[in-house]
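**Student:** I'm passing along target-v2.csv; it holds CSV, N, CA and C atoms.
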chain,number,residue,atom,x,y,z
F,1,GLN,N,0.7,8.2,28.0
F,1,GLN,CA,0.2,6.9,27.7
F,1,GLN,C,0.0,6.8,26.2
F,2,VAL,N,0.3,5.6,25.7
F,2,VAL,CA,0.1,5.3,24.3
F,2,VAL,C,-0.5,3.9,24.1
F,3,GLN,N,-1.7,3.9,23.5
F,3,GLN,CA,-2.3,2.6,23.1
F,3,GLN,C,-1.9,2.2,21.7
F,4,LEU,N,-1.6,0.9,21.5
F,4,LEU,CA,-1.1,0.5,20.2
F,4,LEU,C,-2.0,-0.7,19.8
F,5,VAL,N,-2.5,-0.7,18.6
F,5,VAL,CA,-3.3,-1.8,18.0
F,5,VAL,C,-2.7,-2.3,16.7
F,6,GLU,N,-2.3,-3.6,16.8
F,6,GLU,CA,-1.7,-4.2,15.6
F,6,GLU,C,-2.8,-4.8,14.7
F,7,SER,N,-2.5,-5.0,13.4
F,7,SER,CA,-3.4,-5.7,12.5
F,7,SER,C,-2.5,-6.2,11.4
F,8,GLY,N,-3.1,-7.1,10.6
F,8,GLY,CA,-2.4,-7.6,9.4
F,8,GLY,C,-1.8,-8.9,9.4
F,9,GLY,N,-1.8,-9.6,10.6
F,9,GLY,CA,-1.2,-10.9,10.6
F,9,GLY,C,-2.0,-11.9,9.9
F,10,GLY,N,-1.5,-13.1,9.9
F,10,GLY,CA,-2.2,-14.2,9.2
F,10,GLY,C,-1.3,-15.4,8.8
F,11,LEU,N,-1.9,-16.3,8.0
F,11,LEU,CA,-1.2,-17.4,7.5
F,11,LEU,C,-0.8,-17.1,6.0
F,12,VAL,N,0.5,-17.4,5.8
F,12,VAL,CA,1.0,-17.1,4.4
F,12,VAL,C,2.0,-18.2,4.0
F,13,GLN,N,2.1,-18.5,2.8
F,13,GLN,CA,3.0,-19.5,2.3
F,13,GLN,C,4.4,-19.0,2.2
F,14,PRO,N,5.4,-19.8,2.4
F,14,PRO,CA,6.8,-19.4,2.2
F,14,PRO,C,7.0,-18.6,0.9
F,15,GLY,N,7.7,-17.5,1.0
F,15,GLY,CA,7.9,-16.7,-0.2
F,15,GLY,C,6.8,-15.6,-0.4
F,16,GLY,N,5.8,-15.7,0.4
F,16,GLY,CA,4.7,-14.7,0.3
F,16,GLY,C,5.0,-13.4,1.1
F,17,SER,N,4.0,-12.6,1.2
F,17,SER,CA,4.2,-11.3,1.8
F,17,SER,C,3.0,-10.9,2.7
F,18,LEU,N,3.3,-10.1,3.7
F,18,LEU,CA,2.3,-9.5,4.6
F,18,LEU,C,2.7,-8.1,4.9
F,19,ARG,N,1.7,-7.3,5.2
F,19,ARG,CA,2.0,-6.0,5.8
F,19,ARG,C,1.3,-5.8,7.1
F,20,LEU,N,2.0,-5.6,8.1
F,20,LEU,CA,1.5,-5.3,9.5
F,20,LEU,C,1.3,-3.8,9.7
F,21,SER,N,0.2,-3.5,10.4
F,21,SER,CA,0.0,-2.1,10.8
F,21,SER,C,-0.1,-2.0,12.3
F,22,CYS,N,0.3,-0.8,12.8
F,22,CYS,CA,0.3,-0.5,14.2
F,22,CYS,C,-0.3,0.9,14.3
F,23,ALA,N,-1.5,1.0,14.8
F,23,ALA,CA,-2.2,2.3,15.0
F,23,ALA,C,-2.0,2.8,16.4
F,24,ALA,N,-1.4,4.0,16.6
F,24,ALA,CA,-1.2,4.5,17.9
F,24,ALA,C,-2.3,5.5,18.3
F,25,SER,N,-2.5,5.7,19.6
F,25,SER,CA,-3.6,6.5,20.1
F,25,SER,C,-3.2,8.0,20.1
F,26,LYS,N,-2.0,8.3,19.8
F,26,LYS,CA,-1.6,9.7,19.8
F,26,LYS,C,-0.6,9.9,18.7
F,27,SER,N,-0.2,11.1,18.4
F,27,SER,CA,0.8,11.4,17.4
F,27,SER,C,2.1,10.6,17.6
F,28,ILE,N,2.6,10.0,16.5
F,28,ILE,CA,3.8,9.3,16.6
F,28,ILE,C,5.0,10.2,16.3
F,29,PHE,N,4.7,11.4,15.9
F,29,PHE,CA,5.8,12.3,15.4
F,29,PHE,C,6.9,12.5,16.4
F,30,SER,N,6.5,12.6,17.7
F,30,SER,CA,7.5,12.9,18.7
F,30,SER,C,7.9,11.7,19.5
F,31,ILE,N,7.4,10.5,19.2
F,31,ILE,CA,7.8,9.3,20.0
F,31,ILE,C,9.2,8.9,19.5
F,32,ASN,N,10.0,8.7,20.5
F,32,ASN,CA,11.5,8.5,20.2
F,32,ASN,C,11.7,7.3,19.3
F,33,PHE,N,11.1,6.2,19.6
F,33,PHE,CA,11.3,5.0,18.8
F,33,PHE,C,9.9,4.3,18.6
F,34,MET,N,9.6,3.9,17.4
F,34,MET,CA,8.5,3.0,17.1
F,34,MET,C,9.1,1.8,16.5
F,35,GLY,N,8.7,0.6,17.0
F,35,GLY,CA,9.4,-0.6,16.5
F,35,GLY,C,8.5,-1.8,16.5
F,36,TRP,N,9.0,-2.8,15.8
F,36,TRP,CA,8.3,-4.1,15.7
F,36,TRP,C,9.3,-5.2,16.4
F,37,TYR,N,8.7,-6.0,17.2
F,37,TYR,CA,9.4,-7.1,17.8
F,37,TYR,C,8.6,-8.3,17.5
F,38,ARG,N,9.3,-9.5,17.7
F,38,ARG,CA,8.6,-10.7,17.5
F,38,ARG,C,9.1,-11.8,18.5
F,39,GLN,N,8.2,-12.7,18.8
F,39,GLN,CA,8.5,-13.8,19.7
F,39,GLN,C,8.0,-15.1,19.1
F,40,ALA,N,8.9,-16.0,18.8
F,40,ALA,CA,8.6,-17.3,18.3
F,40,ALA,C,8.4,-18.2,19.6
F,41,PRO,N,7.7,-19.4,19.4
F,41,PRO,CA,7.5,-20.3,20.5
F,41,PRO,C,8.9,-20.8,21.1
F,42,GLY,N,9.0,-20.6,22.4
F,42,GLY,CA,10.2,-21.1,23.1
F,42,GLY,C,11.4,-20.1,22.9
F,43,GLU,N,11.1,-19.0,22.3
F,43,GLU,CA,12.2,-18.0,22.1
F,43,GLU,C,11.9,-16.7,22.8
F,44,GLU,N,13.0,-15.9,23.0
F,44,GLU,CA,12.8,-14.6,23.6
F,44,GLU,C,12.3,-13.6,22.6
F,45,ARG,N,11.7,-12.6,23.1
F,45,ARG,CA,11.2,-11.5,22.2
F,45,ARG,C,12.5,-10.8,21.6
F,46,GLU,N,12.4,-10.5,20.3
F,46,GLU,CA,13.6,-9.9,19.7
F,46,GLU,C,13.1,-8.7,18.8
F,47,LEU,N,14.0,-7.8,18.7
F,47,LEU,CA,13.8,-6.6,17.8
F,47,LEU,C,13.8,-7.0,16.3
F,48,VAL,N,12.8,-6.6,15.6
F,48,VAL,CA,12.8,-6.9,14.1
F,48,VAL,C,13.2,-5.6,13.4
F,49,ALA,N,12.6,-4.5,13.7
F,49,ALA,CA,12.9,-3.2,13.0
F,49,ALA,C,12.4,-2.1,13.9
F,50,ARG,N,13.0,-0.9,13.7
F,50,ARG,CA,12.7,0.2,14.5
F,50,ARG,C,12.9,1.5,13.7
F,51,ILE,N,12.1,2.5,14.0
F,51,ILE,CA,12.2,3.8,13.3
F,51,ILE,C,12.2,4.9,14.4
F,52,THR,N,13.2,5.8,14.2
F,52,THR,CA,13.2,6.9,15.2
F,52,THR,C,12.3,8.0,14.8
F,53,SER,N,12.2,9.0,15.7
F,53,SER,CA,11.3,10.1,15.5
F,53,SER,C,11.9,10.9,14.3
F,54,GLY,N,13.2,10.8,14.0
F,54,GLY,CA,13.8,11.5,12.9
F,54,GLY,C,13.7,10.7,11.6
F,55,GLY,N,13.2,9.5,11.7
F,55,GLY,CA,13.0,8.7,10.5
F,55,GLY,C,14.1,7.7,10.2
F,56,THR,N,15.1,7.6,11.1
F,56,THR,CA,16.2,6.6,10.9
F,56,THR,C,15.7,5.2,11.2
F,57,THR,N,16.0,4.3,10.4
F,57,THR,CA,15.5,2.9,10.5
F,57,THR,C,16.7,1.9,10.9
F,58,THR,N,16.3,0.9,11.6
F,58,THR,CA,17.3,-0.1,12.0
F,58,THR,C,16.6,-1.5,11.9
F,59,TYR,N,17.3,-2.5,11.4
F,59,TYR,CA,16.8,-3.8,11.2
F,59,TYR,C,17.6,-4.9,11.8
F,60,ALA,N,17.0,-6.0,12.2
F,60,ALA,CA,17.7,-7.2,12.6
F,60,ALA,C,18.4,-7.7,11.4
F,61,ASP,N,19.5,-8.4,11.5
F,61,ASP,CA,20.3,-8.9,10.4
F,61,ASP,C,19.4,-9.9,9.7
F,62,SER,N,18.6,-10.7,10.4
F,62,SER,CA,17.8,-11.7,9.8
F,62,SER,C,16.7,-11.2,8.8
F,63,VAL,N,16.4,-10.0,8.9
F,63,VAL,CA,15.3,-9.4,8.0
F,63,VAL,C,15.8,-8.4,7.1
F,64,LYS,N,17.0,-8.0,7.2
F,64,LYS,CA,17.5,-6.9,6.3
F,64,LYS,C,17.3,-7.3,4.8
F,65,GLY,N,16.8,-6.4,4.0
F,65,GLY,CA,16.6,-6.7,2.6
F,65,GLY,C,15.3,-7.4,2.3
F,66,ARG,N,14.6,-7.8,3.4
F,66,ARG,CA,13.3,-8.5,3.2
F,66,ARG,C,12.1,-7.7,3.8
F,67,PHE,N,12.4,-7.0,4.9
F,67,PHE,CA,11.4,-6.3,5.7
F,67,PHE,C,11.6,-4.8,5.5
F,68,THR,N,10.6,-4.0,5.6
F,68,THR,CA,10.7,-2.6,5.5
F,68,THR,C,9.7,-2.0,6.5
F,69,ILE,N,10.3,-1.1,7.4
F,69,ILE,CA,9.4,-0.4,8.4
F,69,ILE,C,9.2,1.0,7.8
F,70,SER,N,8.0,1.5,8.0
F,70,SER,CA,7.6,2.8,7.5
F,70,SER,C,6.6,3.4,8.4
F,71,ARG,N,6.3,4.7,8.2
F,71,ARG,CA,5.3,5.3,9.1
F,71,ARG,C,4.5,6.3,8.3
F,72,ASP,N,3.2,6.5,8.7
F,72,ASP,CA,2.4,7.6,8.2
F,72,ASP,C,2.0,8.4,9.4
F,73,ILE,N,2.7,9.6,9.5
F,73,ILE,CA,2.5,10.4,10.7
F,73,ILE,C,1.1,10.9,10.7
F,74,ALA,N,0.5,11.3,9.6
F,74,ALA,CA,-0.8,11.8,9.6
F,74,ALA,C,-1.8,10.8,10.1
F,75,LYS,N,-1.6,9.5,10.0
F,75,LYS,CA,-2.5,8.5,10.4
F,75,LYS,C,-2.0,7.9,11.7
F,76,ASN,N,-0.9,8.3,12.3
F,76,ASN,CA,-0.4,7.8,13.5
F,76,ASN,C,-0.2,6.3,13.4
F,77,THR,N,0.3,5.9,12.3
F,77,THR,CA,0.4,4.4,12.0
F,77,THR,C,1.8,4.1,11.6
F,78,VAL,N,2.3,2.9,12.1
F,78,VAL,CA,3.6,2.4,11.6
F,78,VAL,C,3.3,1.1,10.9
F,79,TYR,N,4.1,0.8,9.9
F,79,TYR,CA,3.9,-0.4,9.1
F,79,TYR,C,5.1,-1.3,9.1
F,80,LEU,N,4.9,-2.5,8.8
F,80,LEU,CA,6.0,-3.5,8.6
F,80,LEU,C,5.7,-4.3,7.4
F,81,GLN,N,6.3,-4.0,6.3
F,81,GLN,CA,6.2,-4.8,5.0
F,81,GLN,C,7.1,-5.9,5.1
F,82,MET,N,6.6,-7.1,4.9
F,82,MET,CA,7.5,-8.3,5.0
F,82,MET,C,7.4,-9.1,3.7
F,83,ASN,N,8.5,-9.2,3.0
F,83,ASN,CA,8.6,-9.9,1.8
F,83,ASN,C,10.0,-10.2,1.3
F,84,PRO,N,10.4,-11.4,1.1
F,84,PRO,CA,9.6,-12.6,1.2
F,84,PRO,C,9.7,-13.2,2.6
F,85,LEU,N,8.6,-13.8,3.0
F,85,LEU,CA,8.5,-14.5,4.3
F,85,LEU,C,9.1,-15.9,4.2
F,86,THR,N,9.9,-16.2,5.2
F,86,THR,CA,10.5,-17.6,5.2
F,86,THR,C,10.3,-18.2,6.6
F,87,GLU,N,11.4,-18.2,7.4
F,87,GLU,CA,11.3,-18.7,8.8
F,87,GLU,C,11.0,-17.6,9.7
F,88,ASP,N,9.8,-17.0,9.5
F,88,ASP,CA,9.4,-15.8,10.2
F,88,ASP,C,8.2,-16.0,11.1
F,89,THR,N,7.8,-17.2,11.3
F,89,THR,CA,6.6,-17.5,12.2
F,89,THR,C,6.8,-17.0,13.6
F,90,ALA,N,5.9,-16.2,14.1
F,90,ALA,CA,6.0,-15.6,15.4
F,90,ALA,C,4.8,-14.7,15.7
F,91,VAL,N,4.7,-14.3,17.0
F,91,VAL,CA,3.8,-13.2,17.3
F,91,VAL,C,4.5,-11.9,17.2
F,92,TYR,N,4.0,-11.0,16.4
F,92,TYR,CA,4.7,-9.7,16.2
F,92,TYR,C,4.0,-8.6,17.1
F,93,TYR,N,4.8,-7.9,17.7
F,93,TYR,CA,4.4,-6.9,18.7
F,93,TYR,C,4.9,-5.5,18.2
F,94,CYS,N,4.0,-4.5,18.3
F,94,CYS,CA,4.4,-3.1,18.1
F,94,CYS,C,4.8,-2.5,19.4
F,95,ASN,N,5.8,-1.7,19.3
F,95,ASN,CA,6.4,-1.1,20.5
F,95,ASN,C,6.6,0.4,20.3
F,96,ALA,N,6.3,1.2,21.3
F,96,ALA,CA,6.6,2.6,21.3
F,96,ALA,C,7.4,2.9,22.6
F,97,ALA,N,8.5,3.6,22.4
F,97,ALA,CA,9.4,4.0,23.5
F,97,ALA,C,9.6,5.5,23.5
F,98,GLU,N,9.2,6.1,24.6
F,98,GLU,CA,9.2,7.5,24.9
F,98,GLU,C,10.2,7.8,26.0
F,99,PHE,N,10.9,8.9,25.8
F,99,PHE,CA,11.8,9.4,26.9
F,99,PHE,C,11.1,10.7,27.4
F,100,VAL,N,10.5,10.6,28.6
F,100,VAL,CA,9.8,11.8,29.1
F,100,VAL,C,10.2,12.0,30.6
F,101,GLY,N,10.5,13.2,30.9
F,101,GLY,CA,10.9,13.5,32.3
F,101,GLY,C,12.1,12.7,32.8
F,102,ALA,N,13.1,12.5,31.9
F,102,ALA,CA,14.3,11.7,32.3
F,102,ALA,C,14.0,10.3,32.5
F,103,LYS,N,12.9,9.8,32.0
F,103,LYS,CA,12.6,8.4,32.2
F,103,LYS,C,12.1,7.8,30.9
F,104,TRP,N,12.4,6.5,30.6
F,104,TRP,CA,11.9,5.8,29.4
F,104,TRP,C,10.6,5.1,29.8
F,105,TYR,N,9.7,5.2,28.8
F,105,TYR,CA,8.4,4.5,29.0
F,105,TYR,C,8.2,3.7,27.7
F,106,ASN,N,7.9,2.4,28.0
F,106,ASN,CA,7.7,1.4,26.9
F,106,ASN,C,6.2,1.0,26.8
F,107,TYR,N,5.6,1.0,25.6
F,107,TYR,CA,4.3,0.6,25.5
F,107,TYR,C,4.2,-0.5,24.4
F,108,TRP,N,3.3,-1.5,24.6
F,108,TRP,CA,3.2,-2.6,23.7
F,108,TRP,C,1.8,-2.8,23.2
F,109,GLY,N,1.7,-3.3,22.0
F,109,GLY,CA,0.4,-3.7,21.5
F,109,GLY,C,0.1,-5.2,22.0
F,110,GLN,N,-1.0,-5.7,21.6
F,110,GLN,CA,-1.4,-7.0,22.0
F,110,GLN,C,-0.8,-8.1,21.2
F,111,GLY,N,-0.2,-7.8,20.1
F,111,GLY,CA,0.4,-8.8,19.3
F,111,GLY,C,-0.5,-9.3,18.2
F,112,THR,N,0.2,-9.7,17.0
F,112,THR,CA,-0.6,-10.3,15.9
F,112,THR,C,0.2,-11.5,15.4
F,113,GLN,N,-0.4,-12.6,15.2
F,113,GLN,CA,0.2,-13.8,14.8
F,113,GLN,C,0.5,-13.8,13.3
F,114,VAL,N,1.8,-14.2,13.0
F,114,VAL,CA,2.2,-14.4,11.6
F,114,VAL,C,2.7,-15.9,11.5
F,115,THR,N,2.0,-16.6,10.7
F,115,THR,CA,2.4,-18.0,10.5
F,115,THR,C,2.8,-18.2,9.0
F,116,VAL,N,4.0,-18.7,8.8
F,116,VAL,CA,4.5,-19.0,7.5
F,116,VAL,C,4.6,-20.5,7.3
F,117,SER,N,3.7,-21.0,6.4
F,117,SER,CA,3.6,-22.5,6.3
F,117,SER,C,3.0,-22.8,4.9
F,118,SER,N,3.4,-23.9,4.4
F,118,SER,CA,2.8,-24.4,3.1
F,118,SER,C,1.7,-25.4,3.4
As structure tokens, what does this structure read like?
**Tutor:**
Amino acid sequence: QVQLVESGGGLVQPGGSLRLSCAASKSIFSINFMGWYRQAPGEERELVARITSGGTTTYADSVKGRFTISRDIAKNTVYLQMNPLTEDTAVYYCNAAEFVGAKWYNYWGQGTQVTVSS
């Protein structure tokens, strides 16, 4: 079991920046994938960025060059630096995916709202 708690969302003007944090209840060193997803109103949840246990990162095309995913293993925390923000209003969810005993387990945080508006 992994509990995830997100923080850092809020209201920001277009062109501004935010950093989201996701604190995990256990060491993230061995978790296969840690990622950020987002869901805008009326849309499906989509992958924003992901980092593997080996440190490899993947980004959605819409955020490449603007967002950066990183992690602090000592703090069991994953971050999403977002800059500049444009059409990025959504609820952002942290995800942990573990492969244990030949089975995948997915864990989700409660979500944090990001609103980009002038």
**Student:** Write out as JSON lines the residues of range 9-89 of chain F that have any atom within 8 Å of an atom of range 97-113 of chain F, one row each with the nearest atom pair and its distance in Å to one decimal, counting all atoms listed in the file, sorted by chain and then rising number.
**Tutor:**
{"residue": "F:Gly9", "atom": "CA", "partner": "F:Gln113", "partner_atom": "C", "distance": 4.3}
{"residue": "F:Gly10", "atom": "N", "partner": "F:Gln113", "partner_atom": "C", "distance": 4.0}
{"residue": "F:Leu11", "atom": "N", "partner": "F:Gln113", "partner_atom": "C", "distance": 6.3}
{"residue": "F:Cys22", "atom": "CA", "partner": "F:Gly109", "partner_atom": "CA", "distance": 8.0}
{"residue": "F:Ser30", "atom": "C", "partner": "F:Glu98", "partner_atom": "CA", "distance": 7.0}
{"residue": "F:Ile31", "atom": "C", "partner": "F:Ala97", "partner_atom": "C", "distance": 5.3}
{"residue": "F:Asn32", "atom": "N", "partner": "F:Ala97", "partner_atom": "C", "distance": 4.4}
{"residue": "F:Phe33", "atom": "C", "partner": "F:Ala97", "partner_atom": "N", "distance": 4.1}
{"residue": "F:Met34", "atom": "N", "partner": "F:Ala97", "partner_atom": "N", "distance": 5.1}
{"residue": "F:Gly35", "atom": "N", "partner": "F:Ala97", "partner_atom": "N", "distance": 6.2}
{"residue": "F:Thr89", "atom": "C", "partner": "F:Gln113", "partner_atom": "C", "distance": 7.1}
**Student:** Could the residues in this selection be written to a file with N, CA and C atoms, as a JSON list (two decimals), keeping the file's coordinate frame?
**Tutor:**
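Generated file (result_3.json):
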[["chain", "number", "residue", "atom", "x", "y", "z"],
["F", 9, "GLY", "N", -1.80, -9.60, 10.60],
["F", 9, "GLY", "CA", -1.20, -10.90, 10.60],
["F", 9, "GLY", "C", -2.00, -11.90, 9.90],
["F", 10, "GLY", "N", -1.50, -13.10, 9.90],
["F", 10, "GLY", "CA", -2.20, -14.20, 9.20],
["F", 10, "GLY", "C", -1.30, -15.40, 8.80],
["F", 11, "LEU", "N", -1.90, -16.30, 8.00],
["F", 11, "LEU", "CA", -1.20, -17.40, 7.50],
["F", 11, "LEU", "C", -0.80, -17.10, 6.00],
["F", 22, "CYS", "N", 0.30, -0.80, 12.80],
["F", 22, "CYS", "CA", 0.30, -0.50, 14.20],
["F", 22, "CYS", "C", -0.30, 0.90, 14.30],
["F", 30, "SER", "N", 6.50, 12.60, 17.70],
["F", 30, "SER", "CA", 7.50, 12.90, 18.70],
["F", 30, "SER", "C", 7.90, 11.70, 19.50],
["F", 31, "ILE", "N", 7.40, 10.50, 19.20],
["F", 31, "ILE", "CA", 7.80, 9.30, 20.00],
["F", 31, "ILE", "C", 9.20, 8.90, 19.50],
["F", 32, "ASN", "N", 10.00, 8.70, 20.50],
["F", 32, "ASN", "CA", 11.50, 8.50, 20.20],
["F", 32, "ASN", "C", 11.70, 7.30, 19.30],
["F", 33, "PHE", "N", 11.10, 6.20, 19.60],
["F", 33, "PHE", "CA", 11.30, 5.00, 18.80],
["F", 33, "PHE", "C", 9.90, 4.30, 18.60],
["F", 34, "MET", "N", 9.60, 3.90, 17.40],
["F", 34, "MET", "CA", 8.50, 3.00, 17.10],
["F", 34, "MET", "C", 9.10, 1.80, 16.50],
["F", 35, "GLY", "N", 8.70, 0.60, 17.00],
["F", 35, "GLY", "CA", 9.40, -0.60, 16.50],
["F", 35, "GLY", "C", 8.50, -1.80, 16.50],
["F", 89, "THR", "N", 7.80, -17.20, 11.30],
["F", 89, "THR", "CA", 6.60, -17.50, 12.20],
["F", 89, "THR", "C", 6.80, -17.00, 13.60]]
**Student:** Would you compute the distance between CA of Ala74 in chain F and CA of Arg38 in chain F? Give it in Å to one decimal.
**Tutor:**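 Going from CA of Ala74 in chain F over to CA of Arg38 in chain F, I get 25.6 Å.
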**Student:** Mind listing whatever residues come within 5 Å of the point (-0.1, -8.0, 12.1)? Use all atoms listed in the file, file coordinates, and give them as a list in words.
**Tutor:** Glu6, Ser7, Gly8, Gly9, Leu20, Ser21 and Thr112 of chain F
**Student:** What is the distance, in Å and to one decimal place, between CA of Arg71 in chain F and atom C of Thr56 in chain F?
**Tutor:** 10.6 Å
**Student:** List the neighbours of Lys64 in chain F out to 8 Å using all atoms listed in the file; skip same-chain residues closer than 5 positions along the sequence, and give me the result as an MDAnalysis selection string.
**Tutor:** chainID F and resid 48 58:59
**Student:** One number please: atom C of Thr86 in chain F to CA of Ile69 in chain F, in Å, one decimal.
**Tutor:**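 The value is 17.9 Å.
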**Student:** Given the choices F:Ile28, F:Val5, F:Leu18, F:Ala60, which gets closest to Met82 in chain F if the distance is worked out from all atoms listed in the file?
**Tutor:**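 Counting all atoms listed in the file, the residue closest to Met82 in chain F is F:Leu18.
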**Student:** Looking at all atoms listed in the file, which of F:Ser53, F:Ser118, F:Gln39, F:Thr68 is the one that sits closest to Asn83 in chain F?
**Tutor:**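 Selected residue with least distance to Asn83 in chain F: F:Thr68.
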**Student:** Would you give me, as a VMD selection string, the residues in chain F that DSSP reads as strand (DSSP E)?
**Tutor:** chain F and resid 4 to 7 10 to 12 18 to 24 33 to 39 46 to 52 57 to 59 67 to 72 77 to 82 90 to 100 103 to 108 112 to 116
**Student:** Which residue, F:Ala90, F:Val116, F:Leu85, F:Ile51, has the smallest gap to Val63 in chain F when you use only C-alpha atoms?
**Tutor:**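 Between F:Ala90, F:Val116, F:Leu85, F:Ile51, the residue approaching Val63 in chain F most closely is F:Leu85.
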**Student:** When you count only N, CA and C atoms, which of these residues is closest to Ile73 in chain F: F:Ser27, F:Thr115, F:Thr52, F:Thr57?
**Tutor:**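 Of F:Ser27, F:Thr115, F:Thr52, F:Thr57, the one nearest Ile73 in chain F is F:Ser27, counting only N, CA and C atoms.
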**Student:** May I ask which of the residues F:Val114, F:Leu4, F:Gln13, F:Cys94 is the closest one to Leu47 in chain F, counting only C-alpha atoms?
**Tutor:** F:Cys94
**Student:** Could you check the closest approach to Ala23 in chain F for each of F:Arg66, F:Arg50, F:Arg45, F:Lys75 and tell me which residue wins, using only N, CA and C atoms?
**Tutor:**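 When distances to Ala23 in chain F are compared using only N, CA and C atoms, the smallest one comes from F:Lys75.
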